[in-house]
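Asker: Sharing a structure, written as structure tokens. Questions coming.
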Amino acid sequence: NMNMNMNMNMNGPVSPWLGRQPNARKQHLFSSSAFLDSYGAHVQERSAMANGLGIAPKPLDAAQVGALVSELQSNDSDAANAPELVELLSHRVPPGVDEAAYVKATYLSALALQTEECAHISRTKAIELLGTMQGGYNVNTLVTLLEDSDESIATLAATQLKHTLLVFDAFYDVVELHNKGIPAATSVVTAWANAEWYLRK
């Protein structure tokens, strides 16, 4: 496997996964993954561009996210490369309605709804990651979770929706749940009415 140690220069270290990290602490990352090897090579190539100043790596596309998810699904619980896979899934997929976002949201939704399990991403972590996607493919799952029998899960889903803008017609689904007396939905409607998403900016 290629050497995945971060390279240091005057502009700060270059992470094999996230690109140049100014003022970041030097780390040692190891890959036993075909996907990580391929993506690491891409990052190193981009870091050499612009006369050595480096260019940020491209976001992951749908095929890459699919490969990443497949590796997470097949990993042993103590797999050394799992943290890097989770890091990339968390931070290198475009939000919103990009095709890659669809793949990400589909996988995280399966974890959040407990139709699938991952040793490296808990149910609550999956819900929190869905909440970072700004809207689109993540919304239906978060709305569904407002009715979860576990109050802490319903509350966590509500917290994500309170600051999600691209809800489209799901707005009416949340209002309907509010009218049915679902507390988590009521908290979301109240937050939207109070423009919490705007005031927290």
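Residue names in the structure tokens use chain letters A, B, ... in the order shown, residue numbers from 1 in each chain, and ligand numbers from 1 in the order shown.
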Using only C-alpha atoms, which residues of stretch 121-150 of chain A come within 12 Å of stretch 172-193 of chain A, and what is the closest atom pair for each, with the distance in Å to one decimal? Give it as a Markdown table, sorted by chain and residue number.
Answerer:
```
| residue | atom | partner | partner_atom | distance |
| --- | --- | --- | --- | --- |
| A:Val139 | CA | A:Val174 | CA | 10.3 |
| A:Asn140 | CA | A:Asp173 | CA | 9.1 |
| A:Thr141 | CA | A:Asp173 | CA | 11.7 |
| A:Leu142 | CA | A:Val174 | CA | 9.9 |
| A:Val143 | CA | A:Val174 | CA | 6.6 |
| A:Thr144 | CA | A:Val174 | CA | 9.2 |
| A:Leu145 | CA | A:Ala184 | CA | 9.1 |
| A:Leu146 | CA | A:Ala184 | CA | 5.5 |
| A:Glu147 | CA | A:Ile182 | CA | 6.8 |
| A:Asp148 | CA | A:Ala184 | CA | 9.4 |
| A:Ser149 | CA | A:Ile182 | CA | 11.0 |
| A:Asp150 | CA | A:Ala184 | CA | 11.1 |
```
Asker: Quick one: pick out all strand (DSSP E or B) residues within stretch 12-200 of chain A from a backbone DSSP run and write them as an mmCIF file with N, CA and C atoms, in the first residue's frame.
Answerer:
```cif
data_model
loop_
_atom_site.group_PDB
_atom_site.id
_atom_site.type_symbol
_atom_site.label_atom_id
_atom_site.label_comp_id
_atom_site.auth_asym_id
_atom_site.auth_seq_id
_atom_site.Cartn_x
_atom_site.Cartn_y
_atom_site.Cartn_z
ATOM 1 N N VAL A 14 -0.493 17.856 4.556
ATOM 2 C CA VAL A 14 -1.485 17.450 3.569
ATOM 3 C C VAL A 14 -2.063 16.115 4.003
ATOM 4 N N SER A 15 -3.342 16.115 4.343
ATOM 5 C CA SER A 15 -3.997 14.870 4.712
ATOM 6 C C SER A 15 -4.307 14.080 3.464
ATOM 7 N N GLY A 19 -7.019 16.798 2.171
ATOM 8 C CA GLY A 19 -6.206 17.825 1.540
ATOM 9 C C GLY A 19 -5.354 18.557 2.558
ATOM 10 N N ARG A 20 -4.899 19.750 2.187
ATOM 11 C CA ARG A 20 -4.002 20.489 3.066
ATOM 12 C C ARG A 20 -4.743 20.953 4.314
ATOM 13 N N HIS A 28 -0.542 9.977 11.457
ATOM 14 C CA HIS A 28 -0.160 8.836 10.649
ATOM 15 C C HIS A 28 -1.419 8.063 10.323
ATOM 16 N N GLY A 135 -30.774 19.363 3.794
ATOM 17 C CA GLY A 135 -32.092 19.110 3.221
ATOM 18 C C GLY A 135 -32.012 18.199 2.021
ATOM 19 N N LEU A 166 -34.047 22.917 3.267
ATOM 20 C CA LEU A 166 -34.599 22.345 2.036
ATOM 21 C C LEU A 166 -35.526 21.177 2.356
#
```
Asker: Between atom CA of A:Lys104 and atom CA of A:His91, what is the spacing in Å?
Answerer: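 About the pair atom CA of A:His91 and atom CA of A:Lys104: they are 11.0 Å apart.
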Asker: Excluding A:Asp98 and any residue of its chain fewer than 6 positions from it, enumerate the residues within 9 Å of it, using only C-alpha atoms, and give them as a ChimeraX atom specification.
Answerer: /A:61-62,136
Asker: To test your reading of the structure, identify every residue in stretch 8-186 of chain A that backbone DSSP assigns to alpha helix (DSSP H), and report it as JSON, numbers by chain.
Answerer: {"A": [34, 35, 36, 37, 38, 39, 40, 41, 42, 43, 44, 45, 46, 47, 62, 63, 64, 65, 66, 67, 68, 69, 70, 71, 72, 73, 74, 82, 83, 84, 85, 86, 87, 88, 89, 90, 91, 99, 100, 101, 102, 103, 104, 105, 106, 107, 108, 109, 110, 111, 112, 123, 124, 125, 126, 127, 128, 129, 130, 139, 140, 141, 142, 143, 144, 145, 151, 152, 153, 154, 155, 156, 157, 158, 159, 160, 161, 162, 170, 171, 172, 173, 174, 175, 176, 177, 178, 179, 183, 184, 185, 186]}
Asker: What does the distance between atom CA of A:Ala105 and atom CA of A:Ile127 come to in Å, to one decimal place?
Answerer: 9.9 Å
Asker: Quick one: residues within 12 Å of A:Ala126, only C-alpha atoms, excluding same-chain residues fewer than 4 positions away - as a CSV table (one decimal) with C-alpha atoms, in the first residue's frame?
Answerer:
```csv
chain,number,residue,atom,x,y,z
A,86,VAL,CA,-16.3,7.7,8.3
A,89,LEU,CA,-18.5,10.1,4.5
A,90,SER,CA,-19.0,12.9,7.0
A,104,LYS,CA,-25.0,9.0,1.6
A,105,ALA,CA,-28.5,9.7,2.8
A,106,THR,CA,-29.7,6.2,1.8
A,107,TYR,CA,-27.1,4.5,3.8
A,108,LEU,CA,-27.4,6.8,6.8
A,109,SER,CA,-31.2,6.4,6.7
A,110,ALA,CA,-30.8,2.6,6.8
A,111,LEU,CA,-28.7,3.0,10.0
A,112,ALA,CA,-31.0,5.6,11.5
A,113,LEU,CA,-34.1,3.4,10.9
A,114,GLN,CA,-32.2,0.3,12.0
A,116,GLU,CA,-28.9,-1.9,8.8
A,117,GLU,CA,-26.1,-1.7,11.3
A,118,CYS,CA,-22.5,-0.4,11.2
A,119,ALA,CA,-19.9,-1.0,13.9
A,120,HIS,CA,-18.4,2.4,13.1
A,121,ILE,CA,-21.5,4.6,12.9
A,122,SER,CA,-24.1,4.5,15.7
A,130,LEU,CA,-28.2,13.3,8.3
A,131,GLY,CA,-28.8,16.6,10.0
A,132,THR,CA,-25.7,18.1,8.3
A,133,MET,CA,-27.0,17.5,4.8
A,138,ASN,CA,-32.3,13.3,4.4
A,141,THR,CA,-36.1,9.9,7.3
A,142,LEU,CA,-35.8,12.7,9.9
A,153,ILE,CA,-34.3,9.6,19.0
A,156,LEU,CA,-32.6,14.2,18.1
A,157,ALA,CA,-34.4,14.1,14.8
A,160,GLN,CA,-31.8,18.2,13.0
```
Asker: Quick check, in Å to one decimal: how far apart do atom CA of A:Leu165 and atom CA of A:Gln134 lie?
Answerer: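 So the two atoms, atom CA of A:Leu165 and atom CA of A:Gln134, lie 6.3 Å apart.
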Asker: Using only C-alpha atoms, which residue out of A:Leu161, A:Val69, A:Ala80, A:Val97 lies closest to A:Phe35?
Answerer: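 Nearest candidate to A:Phe35 out of A:Leu161, A:Val69, A:Ala80, A:Val97: A:Val69.
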Asker: Go through A:Ala79, A:Thr159, A:His42, A:Thr115 and flag the residue nearest A:Gly54, using only C-alpha atoms for the distances.
Answerer: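 Selected residue with least distance to A:Gly54: A:His42.
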